[in-house]
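A.B. asks: Here you go, one structure.
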Amino acid sequence: MDKKYLIPILLSYVAILTALYFAFLYAPTERTMGDVQRIFYFHVPSAWVSFLAFFVVCIASIAFLRTGKESWDILAASSAEIGVLFITIVLLTGPMWAKPVWNTFWTWDARLTTSFILWLIYIAYLMLRSYVHDKERGARFAAVFGIIGFLDVPIVYMSIRWWRTLHPAPVMGGKQGSGLAPEMLMTLMICLGAFTVLFATLLFLRYKTGMVATEFERLKNKIHS
Amino acid sequence: MSNLTYLFIAYAFIWTAIFLYLLNIGKKLSFMQREIKLLKENSHKSEDF
């Protein structure tokens with residue numbers, strides 16, 4: 001394998017192994033929820049990565065609309081795909097945590113509903129990209145959609161502050177009395193870092209694939225014309 | 001189901017999803033690289049004629 005691909009993959013591997021060590025061996029067991037609370041260490045970083053990915057979509061889409069450079073469009077599409085992957089993980093791991101704690105897999109509370117809407121928005125974004133035949137027009141539509149779709153991210157983030165919900169209150173920057181034990185906080189920070197490294201690696205690989213696919217299309221058109 | 005079963009299912013979801021995505025990228029990338037190589041070879045051949 002090419003060295004430029006191997007280094008980020010190895011880095012992600014080490015980061016995730018470290019995160020797993022902290023989540024399962026270092027962090028103490030939560031007193032009321034027990035071991036199932038350990039879902040938190042990968043559920044929250046997955047949400048963070050999806051927000052980051054949609055932020056990249058928004059910035060890359062703005063850059064694409066301003067410059068018209070195809071590479072920005074490829075970056076936006078790559079990031080959207082990864083964002084959808086991680087928000088799907090959030091929507092699947094959340095119910096696994098909710099069932100033993102809330103006694104239900106799903107409830108239409110503000111945080112869950114806005115997260116589900118976010119998932120639908122970016123699924124629609126990916127569908128829009130694949131269904132519009134005129135590639136350039138599709139890219140412009142998707143860019144506008146990607147920018148507007150990002151508006152849901154702050155709503156998802158603020159939902160547990162704005163509305164009374166079943167979802168736990170924020171553990172950082174929340175009300176007085178909220179917060180985490182120092183070992184739990186450190187584990188969360190390490191998991192956030194590891195998932196950010198994983199995101200960067202996936203984005204790099206997906207972006208490179210997109211660039212190669214574009215080169216392929218260009219070559220094919222050149223030969224056929 | 002016990003708490004540990006839910007924990008296991010959640011982590012299984014995470015790693016299966018990421019693994020499948022990586023596999024998908026890898027497949028796409030190697031397919032594209034192979035096709036580009038073939039196209040380049042074909043274009044060189046047609047230039048020779």
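In the structure tokens, the first chain shown is A, the next is B, and so on; residue numbers restart at 1 for each chain, and ligands run from 1 in the order shown.
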I want to know what sits within 9 Å of Gly149 of chain A, based on only C-alpha atoms, with residues of the same chain fewer than 2 positions away left out; could you give that as a PyMOL selection string?
C.D. replies: chain A and resi 54+58+118+121-122+125+144-147+151-153
A.B. asks: With the cut-off set at 7 Å and counting only C-alpha atoms, tabulate each residue of chain A with an atom at most that distance from an atom of chain B, showing the nearest atom pair and its distance in Å to one decimal, ordered by chain and increasing number, as a tab-separated table.
C.D. replies:
```
residue	atom	partner	partner_atom	distance
A:Asp35	CA	B:Leu4	CA	6.6
A:Val36	CA	B:Leu7	CA	5.2
A:Ile39	CA	B:Leu7	CA	6.2
A:Ile89	CA	B:Ile14	CA	5.9
A:Thr93	CA	B:Ala10	CA	4.9
A:Met96	CA	B:Tyr6	CA	5.4
A:Trp97	CA	B:Tyr6	CA	6.9
A:Pro100	CA	B:Asn3	CA	6.6
A:Arg206	CA	B:Ile25	CA	6.4
A:Thr209	CA	B:Leu29	CA	5.3
A:Val212	CA	B:Met32	CA	6.6
A:Ala213	CA	B:Met32	CA	6.2
A:Phe216	CA	B:Ile36	CA	5.7
A:Ile223	CA	B:Ser43	CA	6.9
```
A.B. asks: What does the file look like for those residues with C-alpha atoms, as a compact mmCIF listing (two decimals), in the first residue's frame?
C.D. replies:
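Heads up, here's the output in selection18.txt:
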```txt
# COMPACT_ATOMS: atom_id res chain seq x y z
CA ASP A 35 -21.45 -0.77 31.98
CA VAL A 36 -23.97 0.25 29.32
CA ILE A 39 -21.63 3.52 24.91
CA ILE A 89 -23.95 5.35 14.16
CA THR A 93 -26.07 3.39 19.33
CA MET A 96 -28.95 0.67 22.52
CA TRP A 97 -28.19 2.97 25.43
CA PRO A 100 -31.91 -0.28 29.39
CA ARG A 206 -12.67 9.25 0.40
CA THR A 209 -11.07 8.20 -4.25
CA VAL A 212 -9.26 9.43 -8.88
CA ALA A 213 -12.87 8.90 -10.04
CA PHE A 216 -11.07 8.43 -14.63
CA ILE A 223 -10.69 8.80 -25.30
```
A.B. asks: For atom CA of Ile9 of chain A and atom CA of Leu38 of chain B, determine how far apart the two atoms are, in Å to one decimal place.
C.D. replies: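 About the pair atom CA of Ile9 of chain A and atom CA of Leu38 of chain B: they are 27.6 Å apart.
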A.B. asks: Could you tell me which of A:Ala181, A:Ala27, A:Leu10, A:Val156 comes closest to Ile117 of chain A if we count only C-alpha atoms?
C.D. replies: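 Using only C-alpha atoms, Ile117 of chain A sits closest to A:Val156.
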A.B. asks: Excluding Phe51 of chain A and any residue of its chain fewer than 3 positions from it, enumerate the residues within 10 Å of it, using only C-alpha atoms, and give them as a list in words.
C.D. replies: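 Returned residues: Pro45, Ser46, Ala47, Trp48, Phe54, Phe55, Val56, Val57, Gly83, Val84, Phe86, Ile87, Leu118, Phe150, Asp152, Val153, Pro154, Val156 and Tyr157 of chain A.
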A.B. asks: Skipping near chain neighbours, those fewer than 4 positions away, what residues fall within 10 Å of Phe204 of chain A using only C-alpha atoms, listed as number ranges by chain?
C.D. replies: A: 4-5, 8, 75, 78-79, 198-200, 208-210
A.B. asks: Would you please extract all alpha helix (DSSP H) residues from chain A, as assigned by DSSP on the backbone, and give them as a ChimeraX atom specification?
C.D. replies: /A:3-21,40-67,70-102,110-131,135-149,152-162,182-224
A.B. asks: Near Ala63 of chain A, within 10 Å and counting only C-alpha atoms, which residues show up once chain neighbours fewer than 6 positions away are dropped, as a PyMOL selection string?
C.D. replies: chain A and resi 57+69+71-73+76+143
A.B. asks: Store the residues of this selection in a file with N, CA and C atoms, as a compact mmCIF listing (two decimals), in the first residue's frame.
C.D. replies:
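Result file follows (part12.txt):
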```txt
# COMPACT_ATOMS: atom_id res chain seq x y z
N VAL A 57 -18.80 20.13 4.99
CA VAL A 57 -19.69 20.18 3.81
C VAL A 57 -20.08 21.63 3.54
N LYS A 69 -14.46 25.38 -8.34
CA LYS A 69 -13.46 24.31 -8.44
C LYS A 69 -14.07 22.97 -8.04
N SER A 71 -12.68 20.30 -7.01
CA SER A 71 -12.10 19.66 -5.81
C SER A 71 -12.91 20.01 -4.55
N TRP A 72 -13.47 21.23 -4.49
CA TRP A 72 -14.30 21.60 -3.33
C TRP A 72 -15.58 20.77 -3.30
N ASP A 73 -16.12 20.53 -4.49
CA ASP A 73 -17.35 19.73 -4.57
C ASP A 73 -17.07 18.29 -4.12
N ALA A 76 -16.80 18.25 -0.38
CA ALA A 76 -18.13 18.34 0.26
C ALA A 76 -18.85 16.99 0.19
N ALA A 143 -24.57 21.91 -3.33
CA ALA A 143 -23.84 22.90 -2.51
C ALA A 143 -24.82 23.77 -1.71
```
A.B. asks: Find the distance between atom CA of Val101 of chain A and atom CA of Glu30 of chain A and write it in Å to one decimal.
C.D. replies: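 Separating atom CA of Val101 of chain A from atom CA of Glu30 of chain A is a distance of 12.2 Å.
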A.B. asks: Mind giving me the straight-line distance from atom CA of Gly179 of chain A to atom CA of Pro28 of chain A in Å, one decimal?
C.D. replies: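 Result for atom CA of Gly179 of chain A versus atom CA of Pro28 of chain A: 14.7 Å, one decimal.
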A.B. asks: I'd like the contact shell of Gly94 of chain A - 10 Å cut-off, only C-alpha atoms, skipping same-chain residues fewer than 3 positions apart - returned as a list in words.
C.D. replies: Ile39, Phe40, His43, Val44, Thr88, Ile89, Val90, Leu91, Trp97, Ala98, Lys99, Phe105, Trp106, Leu112 and His167 of chain A; Ala10 of chain B
A.B. asks: Looking at only C-alpha atoms, which of A:Ala139, A:Leu180, A:Ala124, A:Leu85 is the one that sits closest to Leu20 of chain B?
C.D. replies: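 Closest to Leu20 of chain B, using only C-alpha atoms: A:Leu85.
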